[in-house]
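Source file: structure-v5.tsv (TSV, C-alpha atoms and all ligand atoms)
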```
chain	number	residue	atom	x	y	z
A	1	MET	CA	113.17	106.79	101.45
A	2	THR	CA	111.65	109.10	98.86
A	3	TRP	CA	108.74	111.35	99.73
A	4	ALA	CA	107.66	114.67	98.21
A	5	ALA	CA	104.96	117.33	98.33
A	6	ILE	CA	103.98	120.33	96.21
A	7	SER	CA	101.21	122.87	96.77
A	8	THR	CA	99.74	126.02	95.27
A	9	TRP	CA	100.36	129.60	96.42
A	10	ARG	CA	102.33	131.11	99.27
A	11	MET	CA	99.42	130.43	101.63
A	12	SER	CA	100.21	126.70	101.57
A	13	PHE	CA	103.71	127.07	103.04
A	14	ASP	CA	102.84	126.33	106.69
A	15	GLY	CA	100.69	123.40	105.65
A	16	LEU	CA	103.35	122.02	103.35
A	17	SER	CA	106.02	122.40	106.04
A	18	GLU	CA	103.92	120.47	108.53
A	19	ALA	CA	103.04	117.81	105.96
A	20	SER	CA	106.75	117.46	105.13
A	21	VAL	CA	107.65	116.71	108.74
A	22	LEU	CA	104.91	114.08	108.82
A	23	LEU	CA	105.90	112.55	105.46
A	24	ASP	CA	109.45	112.31	106.71
A	25	LYS	CA	108.19	110.36	109.71
A	26	GLY	CA	106.30	107.97	107.39
A	27	ILE	CA	102.72	109.29	107.42
A	28	ASN	CA	100.62	108.22	104.41
A	29	ALA	CA	100.01	110.51	101.43
A	30	GLY	CA	96.28	110.93	102.14
A	31	ASP	CA	96.78	112.00	105.76
A	32	ALA	CA	99.58	114.35	104.68
A	33	VAL	CA	97.54	116.09	102.00
A	34	GLU	CA	94.51	116.45	104.28
A	35	LYS	CA	96.69	117.97	107.01
A	36	LEU	CA	98.33	120.35	104.56
A	37	ILE	CA	95.00	121.62	103.21
A	38	SER	CA	93.31	121.88	106.61
A	39	ILE	CA	96.11	124.11	107.93
A	40	VAL	CA	95.38	126.55	105.10
A	41	GLU	CA	91.62	126.28	105.69
A	42	ASN	CA	92.10	127.15	109.36
A	43	ASN	CA	94.10	130.33	108.70
A	44	GLU	CA	91.69	133.25	108.66
A	45	HIS	CA	94.17	135.50	106.85
A	46	TYR	CA	93.71	133.60	103.60
A	47	LYS	CA	90.75	135.12	101.80
A	48	SER	CA	90.03	132.38	99.33
A	49	VAL	CA	90.11	129.17	101.38
A	50	GLY	CA	88.19	127.96	104.42
A	51	PHE	CA	87.69	130.17	107.48
A	52	GLY	CA	88.00	133.80	106.39
A	53	GLY	CA	87.22	132.94	102.75
A	54	LEU	CA	85.39	135.61	100.77
A	55	PRO	CA	81.64	135.08	100.32
A	56	ASN	CA	79.41	134.81	97.27
A	57	GLU	CA	77.27	137.76	96.13
A	58	GLU	CA	74.70	136.95	98.82
A	59	GLY	CA	77.31	137.20	101.55
A	60	ILE	CA	77.51	133.44	102.14
A	61	VAL	CA	80.80	131.56	102.19
A	62	GLN	CA	80.29	128.51	99.96
A	63	MET	CA	83.27	126.18	99.71
A	64	ASP	CA	84.38	123.50	97.29
A	65	ALA	CA	86.89	120.74	98.05
A	66	GLY	CA	88.09	117.48	96.52
A	67	PHE	CA	90.29	114.55	97.52
A	68	MET	CA	91.70	111.65	95.53
A	69	ASP	CA	93.61	108.56	96.62
A	70	GLY	CA	96.11	107.68	93.90
A	71	ASP	CA	96.34	104.00	94.91
A	72	THR	CA	92.65	103.20	94.47
A	73	PHE	CA	91.32	106.22	92.51
A	74	ALA	CA	88.82	106.69	95.36
A	75	GLN	CA	87.56	110.23	95.10
A	76	GLY	CA	85.34	112.42	97.25
A	77	SER	CA	84.14	115.99	96.80
A	78	VAL	CA	81.90	118.65	98.27
A	79	ALA	CA	80.68	121.79	96.54
A	80	SER	CA	78.83	124.88	97.78
A	81	ILE	CA	79.14	123.49	101.31
A	82	GLU	CA	78.48	126.02	104.09
A	83	ASN	CA	79.44	126.48	107.76
A	84	VAL	CA	81.90	123.60	107.81
A	85	LYS	CA	85.33	124.26	109.26
A	86	ASN	CA	87.24	121.79	107.09
A	87	ALA	CA	85.64	121.04	103.75
A	88	ILE	CA	88.63	118.89	102.80
A	89	SER	CA	87.96	116.43	105.62
A	90	VAL	CA	84.37	116.03	104.48
A	91	ALA	CA	85.55	115.42	100.91
A	92	ARG	CA	88.02	112.81	102.11
A	93	LYS	CA	85.39	111.09	104.22
A	94	LEU	CA	83.11	110.93	101.16
A	95	SER	CA	85.91	109.27	99.18
A	96	GLU	CA	85.26	106.17	101.30
A	97	ASN	CA	81.82	105.84	99.68
A	98	LYS	CA	81.24	103.69	96.63
A	99	THR	CA	78.24	105.86	95.77
A	100	ASN	CA	77.25	109.35	96.98
A	101	SER	CA	80.88	110.44	97.04
A	102	PHE	CA	80.26	113.94	95.63
A	103	LEU	CA	77.72	116.03	97.54
A	104	VAL	CA	76.67	119.62	96.91
A	105	GLY	CA	74.88	122.42	98.75
A	106	ASP	CA	72.53	121.53	101.61
A	107	GLY	CA	73.18	117.83	101.11
A	108	ALA	CA	76.89	118.32	101.66
A	109	THR	CA	76.34	120.58	104.66
A	110	LYS	CA	73.86	118.15	106.22
A	111	PHE	CA	76.24	115.23	105.70
A	112	ALA	CA	79.00	117.15	107.49
A	113	ALA	CA	76.76	118.08	110.44
A	114	LYS	CA	75.42	114.53	110.80
A	115	ASN	CA	78.88	113.00	110.66
A	116	GLY	CA	80.34	115.12	113.42
A	117	PHE	CA	82.48	117.54	111.39
A	118	GLU	CA	83.10	120.87	113.11
A	119	MET	CA	80.45	123.40	112.08
A	120	THR	CA	81.09	127.12	112.39
A	121	ASN	CA	80.25	130.45	110.78
A	122	MET	CA	82.97	130.81	108.14
A	123	LEU	CA	82.34	134.50	107.43
A	124	THR	CA	84.83	136.57	109.41
A	125	GLU	CA	84.31	140.28	110.14
A	126	LYS	CA	87.16	141.07	107.75
A	127	ALA	CA	85.58	139.11	104.88
A	128	LYS	CA	82.17	140.62	105.61
A	129	LYS	CA	83.63	144.12	105.45
A	130	GLU	CA	85.21	143.39	102.08
A	131	TRP	CA	81.92	141.97	100.79
A	132	GLN	CA	79.99	145.03	101.99
A	133	GLY	CA	82.52	147.25	100.23
A	134	ARG	CA	82.00	145.37	96.99
A	135	LEU	CA	78.23	145.62	97.18
A	136	SER	CA	78.23	149.21	96.02
A	137	ALA	CA	77.10	149.40	92.40
A	138	ASN	CA	80.27	151.07	91.26
A	139	HIS	CA	82.42	148.40	92.68
A	140	GLN	CA	80.29	145.65	91.21
A	141	GLU	CA	80.62	147.03	87.73
A	142	GLN	CA	84.37	147.10	88.04
A	143	LEU	CA	84.63	143.66	89.56
A	144	ARG	CA	86.28	141.11	87.34
A	145	ALA	CA	85.37	137.48	87.86
A	146	TYR	CA	88.95	136.79	88.75
A	147	ASP	CA	89.14	139.21	91.68
A	148	GLY	CA	89.76	137.66	95.07
A	149	HIS	CA	90.16	133.94	94.59
A	150	ASP	CA	92.73	131.18	94.73
A	151	THR	CA	92.67	127.51	95.59
A	152	VAL	CA	94.95	125.54	97.83
A	153	GLY	CA	95.77	122.48	95.77
A	154	ALA	CA	98.34	119.90	96.84
A	155	VAL	CA	99.88	116.63	95.82
A	156	THR	CA	101.80	114.28	98.11
A	157	LEU	CA	103.96	111.18	97.64
A	158	ASP	CA	104.69	109.08	100.71
A	159	GLN	CA	107.53	106.69	101.52
A	160	GLN	CA	105.43	103.68	100.46
A	161	GLY	CA	104.97	105.17	96.98
A	162	SER	CA	101.32	106.16	97.49
A	163	MET	CA	100.12	109.47	96.14
A	164	ALA	CA	97.16	111.74	96.91
A	165	ALA	CA	95.82	114.99	95.53
A	166	ALA	CA	93.42	117.48	97.12
A	167	THR	CA	91.97	120.99	96.78
A	168	SER	CA	89.96	123.47	98.83
A	169	THR	CA	88.61	126.91	97.94
A	170	SER	CA	85.83	129.40	98.58
A	171	GLY	CA	85.89	129.95	94.81
A	172	LEU	CA	85.35	133.30	93.13
A	173	PHE	CA	84.60	136.30	95.32
A	174	MET	CA	81.03	137.53	94.60
A	175	LYS	CA	80.26	134.37	92.64
A	176	LYS	CA	76.62	133.47	92.00
A	177	ASP	CA	74.88	131.43	94.66
A	178	GLY	CA	75.69	127.77	93.87
A	179	ARG	CA	78.51	128.50	91.39
A	180	ILE	CA	81.04	125.66	91.37
A	181	GLY	CA	84.50	125.81	89.82
A	182	ASP	CA	87.03	123.16	88.86
A	183	SER	CA	88.36	122.53	92.35
A	184	PRO	CA	85.99	119.74	93.45
A	185	LEU	CA	85.98	118.07	90.01
A	186	SER	CA	88.40	115.18	89.64
A	187	GLY	CA	90.30	115.45	86.39
A	188	SER	CA	89.94	119.24	86.33
A	189	GLY	CA	90.96	120.53	89.78
A	190	PHE	CA	92.99	117.48	90.78
A	191	TYR	CA	93.88	113.94	89.80
A	192	ALA	CA	96.09	111.21	91.27
A	193	ASP	CA	97.43	107.88	90.06
A	194	SER	CA	100.16	106.50	92.32
A	195	GLN	CA	101.66	104.48	89.47
A	196	VAL	CA	102.19	107.64	87.41
A	197	GLY	CA	101.82	110.90	89.32
A	198	ALA	CA	99.32	113.51	90.40
A	199	ALA	CA	98.37	117.11	89.61
A	200	ALA	CA	96.25	120.01	90.85
A	201	ALA	CA	95.08	123.31	89.38
A	202	THR	CA	94.23	126.85	90.41
A	203	GLY	CA	92.91	129.75	88.38
A	204	LEU	CA	89.64	130.45	86.62
A	205	GLY	CA	87.70	127.22	87.12
A	206	GLU	CA	85.45	127.81	84.13
A	207	ASP	CA	88.52	127.65	81.87
A	208	ILE	CA	90.37	124.84	83.72
A	209	MET	CA	87.25	122.67	83.37
A	210	LYS	CA	87.23	123.11	79.62
A	211	GLY	CA	90.54	121.24	79.36
A	212	CYS	CA	90.31	118.74	82.30
A	213	LEU	CA	93.86	119.89	82.92
A	214	SER	CA	94.83	117.81	85.96
A	215	TYR	CA	93.94	114.59	84.19
A	216	GLU	CA	95.68	115.82	81.06
A	217	ILE	CA	98.93	116.30	82.99
A	218	VAL	CA	98.76	112.83	84.53
A	219	ARG	CA	97.99	111.35	81.10
A	220	LYS	CA	101.04	113.07	79.62
A	221	MET	CA	103.23	111.82	82.49
A	222	ALA	CA	101.91	108.29	81.83
A	223	GLU	CA	103.16	108.67	78.25
A	224	GLY	CA	106.63	109.36	79.64
A	225	GLN	CA	106.76	113.15	79.91
A	226	SER	CA	108.46	114.79	82.86
A	227	PRO	CA	106.14	116.67	85.23
A	228	GLN	CA	107.54	119.99	83.95
A	229	ASP	CA	106.96	119.14	80.27
A	230	ALA	CA	103.54	117.71	81.05
A	231	CYS	CA	102.50	120.89	82.91
A	232	ASP	CA	103.86	123.24	80.25
A	233	GLN	CA	102.31	121.32	77.38
A	234	ALA	CA	98.97	120.83	79.10
A	235	LEU	CA	98.70	124.53	79.87
A	236	PHE	CA	100.14	126.28	76.85
A	237	SER	CA	98.75	124.07	74.12
A	238	PHE	CA	95.31	124.20	75.72
A	239	ALA	CA	95.49	127.96	76.32
A	240	LYS	CA	96.26	128.44	72.64
A	241	THR	CA	93.38	126.23	71.54
A	242	LEU	CA	91.03	127.96	73.94
A	243	LYS	CA	92.04	131.41	72.68
A	244	ASP	CA	91.50	130.28	69.08
A	245	ARG	CA	88.19	128.55	69.61
A	246	TYR	CA	86.62	130.25	72.63
A	247	GLY	CA	88.22	133.67	72.30
A	248	SER	CA	90.05	133.89	75.63
A	249	CYS	CA	91.90	131.94	78.28
A	250	ASP	CA	92.06	133.36	81.80
A	251	ALA	CA	94.67	132.74	84.52
A	252	ILE	CA	95.63	129.12	85.08
A	253	SER	CA	98.41	127.61	87.22
A	254	LEU	CA	99.19	123.92	87.52
A	255	ILE	CA	101.34	121.76	89.80
A	256	ALA	CA	102.40	118.14	89.37
A	257	LEU	CA	104.50	115.45	90.95
A	258	ASN	CA	105.38	112.07	89.46
A	259	SER	CA	105.78	108.76	91.27
A	260	LYS	CA	109.56	109.32	91.51
A	261	GLY	CA	109.07	112.60	93.38
A	262	GLU	CA	110.01	114.88	90.46
A	263	TRP	CA	107.85	117.97	90.19
A	264	GLY	CA	106.69	120.50	87.62
A	265	VAL	CA	104.71	123.75	87.50
A	266	ALA	CA	103.13	125.79	84.71
A	267	THR	CA	101.44	129.18	84.79
A	268	ASN	CA	100.26	131.97	82.53
A	269	VAL	CA	100.37	134.50	85.41
A	270	GLU	CA	102.81	135.02	88.30
A	271	PHE	CA	102.37	132.05	90.55
A	272	ALA	CA	103.92	131.23	93.94
A	273	PHE	CA	104.06	127.59	94.99
A	274	CYS	CA	105.66	125.49	97.73
A	275	VAL	CA	107.63	122.29	97.36
A	276	SER	CA	109.68	119.86	99.46
A	277	ASP	CA	111.05	116.34	99.37
A	278	ASN	CA	113.22	114.00	101.42
A	279	GLU	CA	116.34	115.87	100.28
A	280	HIS	CA	115.07	119.46	100.22
A	281	GLU	CA	113.43	121.53	102.92
A	282	ALA	CA	110.06	123.15	102.27
A	283	LYS	CA	110.52	126.29	100.21
A	284	ILE	CA	108.47	128.87	98.35
A	285	MET	CA	109.22	129.44	94.66
A	286	ILE	CA	107.85	131.80	92.03
A	287	ALA	CA	106.83	130.78	88.52
A	288	GLN	CA	106.17	132.96	85.48
A	289	GLN	CA	105.40	132.34	81.86
A	290	ALA	CA	108.51	132.55	79.68
A	291	ALA	CA	108.77	132.88	75.94
A	292	LYS	CA	108.24	129.73	73.88
A	293	ASP	CA	105.47	128.44	76.11
A	294	ARG	CA	107.66	127.40	78.97
A	295	THR	CA	107.47	128.29	82.65
A	296	LYS	CA	110.41	130.00	84.37
A	297	ILE	CA	110.93	129.21	88.03
A	298	PHE	CA	112.77	131.46	90.50
A	299	PRO	CA	113.58	131.27	94.18
A	300	MET	CA	111.37	133.46	96.34
A	301	THR	CA	112.68	136.94	97.17
A	302	GLU	CA	112.53	138.69	100.56
A	303	LYS	CA	110.77	141.65	98.98
A	304	TRP	CA	108.03	139.48	97.46
A	305	LEU	CA	107.43	137.85	100.84
A	306	ALA	CA	107.29	141.15	102.70
A	307	ASP	CA	104.75	142.56	100.21
A	308	TYR	CA	102.68	139.41	100.46
A	309	GLN	CA	102.66	139.57	104.26
A	310	LYS	CA	101.40	143.13	104.13
A	311	ARG	CA	98.64	142.25	101.66
A	312	THR	CA	97.28	139.26	103.58
A	313	GLU	CA	97.33	140.81	107.04
A	314	SER	CA	96.14	144.31	106.19
A	315	THR	CA	92.71	145.33	107.44
A	316	ILE	CA	90.30	145.76	104.60
A	317	ASP	CA	88.16	148.86	104.70
B	1	LIG	N1	89.83	127.41	90.60
B	1	LIG	C1	89.06	128.12	91.58
B	1	LIG	C2	87.64	128.25	91.12
B	1	LIG	O1	87.42	128.51	89.95
B	1	LIG	C3	89.61	129.45	91.95
B	1	LIG	C4	91.10	129.61	91.96
B	1	LIG	O2	91.82	128.64	92.07
B	1	LIG	O3	91.58	130.73	91.86
B	1	LIG	O4	86.76	128.18	91.92
```
Go ahead and render the structure in this file as structure tokens.
Amino acid sequence: MTWAAISTWRMSFDGLSEASVLLDKGINAGDAVEKLISIVENNEHYKSVGFGGLPNEEGIVQMDAGFMDGDTFAQGSVASIENVKNAISVARKLSENKTNSFLVGDGATKFAAKNGFEMTNMLTEKAKKEWQGRLSANHQEQLRAYDGHDTVGAVTLDQQGSMAAATSTSGLFMKKDGRIGDSPLSGSGFYADSQVGAAAATGLGEDIMKGCLSYEIVRKMAEGQSPQDACDQALFSFAKTLKDRYGSCDAISLIALNSKGEWGVATNVEFAFCVSDNEHEAKIMIAQQAAKDRTKIFPMTEKWLADYQKRTESTID
């Protein structure tokens, strides 16, 4: 029976591997995607998601997460939530609500505490040290908005043909208190329709939101495009329009899966992603922008992995 999963960045590999085992055993798409994301959230080495995520400019880790069920379109999100171990589980729980399914700030945090979600201080010593380092005026001036962020985004297809999409992130390092990116916004950070396919995004949220890119990919797949064509066209035609009309387009990477289990990826930077299905083991791949507005995809190299390992586990001082 067909099942498949795709997820953003190298950090999602363990989560995707675990989700693949479960999908193979027949778990549903929603449980699989929640499991995948929560494994990334629980790994303190990843500086842009969950525990160990980098804080905002006030030194507070504020997280955003979203979940969508592709069968029913049920959708739940949290934004600027604090002290909650697994923001994704709170988002999924909220997707059961007909109203009040997207909560932000204190409201989101209170909901999590009241409903028995694990509460904990999400700021690790390592993240605090990096934040303190960045507080110096010199550093702040040099800091680009893009420094120190990524989102785990994932899409799953289960053996019954159901699909789900989800995201989780601590957003931009040194972001303003209360800043929210694309990740918890359905249509921008993620979108799922089991009859067509699903997509998720990572990159500068302020730009992704301008094009509602996850919905755009699903819409293109509904018109008959392959996931790869839909990702490439959604990204590169929008990036061009944004450059013309807004003056710039920052880093954006997109993943998609259709209801047959075919996948696609587009990026305007170097982008690692993970993918698996009932015929292929979980693997990490690298994508890069090629000429003619297409994305080239390569197998992962040992050297890239070794460098990555060093970067994520090094002590920051
Ligand atoms: N999209 C996320 C945000 O803007 C960050 C990222 O994926 O790199 O919050």
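A straight line drawn from CA of Glu130 (chain A) to CA of Phe111 (chain A) is 29.8 Å long.
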Please, which residues have at least one atom within 10 Å of an atom of ligand LIG 1 (chain B), using only C-alpha atoms and all ligand atoms, listed as a PyMOL selection string? chain A and resi 8-9+48-49+63-65+79+145-153+167-173+175+179-184+188-189+200-209+251-254
Contacts of region 28-36 of chain A at 7 Å or less, counting only C-alpha atoms, minus same-chain residues fewer than 4 places along, as a PyMOL selection string? chain A and resi 15-16+18-19+22-23+40+69+88-89+154-158+162-166
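Across the structure, CA of Cys231 (chain A) and CA of Asn278 (chain A) are spaced 22.5 Å apart.
Note that the spacing between CA of Phe273 (chain A) and CA of Met285 (chain A) amounts to 5.5 Å.
For the set A:Val21, A:Ile286, A:Val84, A:Ile37, the residue with the smallest atom-to-atom gap to Ser7 (chain A) is A:Ile37, counting only C-alpha atoms.
The environment of Asp177 (chain A) within 12 Å, counting only C-alpha atoms and disregarding residues fewer than 6 places along the same chain, consists of Pro55, Asn56, Glu57, Glu58, Gly59, Ile60, Val61, Gln62, Met63, Ala79, Ser80, Ile81, Glu82, Gly105, Ser170 and Gly171 of chain A.
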Selection: 6 Å around region 115-124 of chain A, all atoms listed in the file, excl. self and same-chain fewer than 3 positions, as a PyMOL selection string: chain A and resi 51-52+83-85+112+127
Could you name the residues that touch Ser214 (chain A) at 6 Å or less, counting all atoms listed in the file, but leaving out those on the same chain fewer than 2 positions away, as an mmCIF file with C-alpha atoms, in the coordinates of the input?
```
data_model
loop_
_atom_site.group_PDB
_atom_site.id
_atom_site.type_symbol
_atom_site.label_atom_id
_atom_site.label_comp_id
_atom_site.auth_asym_id
_atom_site.auth_seq_id
_atom_site.Cartn_x
_atom_site.Cartn_y
_atom_site.Cartn_z
ATOM 1 C CA GLY A 187 90.300 115.450 86.390
ATOM 2 C CA SER A 188 89.940 119.240 86.330
ATOM 3 C CA PHE A 190 92.990 117.480 90.780
ATOM 4 C CA TYR A 191 93.880 113.940 89.800
ATOM 5 C CA ALA A 199 98.370 117.110 89.610
ATOM 6 C CA ALA A 200 96.250 120.010 90.850
ATOM 7 C CA CYS A 212 90.310 118.740 82.300
ATOM 8 C CA GLU A 216 95.680 115.820 81.060
ATOM 9 C CA ILE A 217 98.930 116.300 82.990
#
```
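Counting all atoms listed in the file, the residue from A:Gly178, A:Gln132, A:Gly76, A:Ser259 that sits nearest to Asp106 (chain A) is A:Gly178.
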So that I can check the surroundings of Ala198 (chain A), please list as number ranges by chain every protein, DNA and RNA residue that reaches within 6 Å of it, counting all atoms listed in the file and ignoring chain neighbours fewer than 3 positions away. A: 191-193, 218, 256-257
May I ask which of the residues A:Lys296, A:Arg311, A:Lys240, A:Lys220 is the closest one to Met11 (chain A), counting all atoms listed in the file? A:Arg311
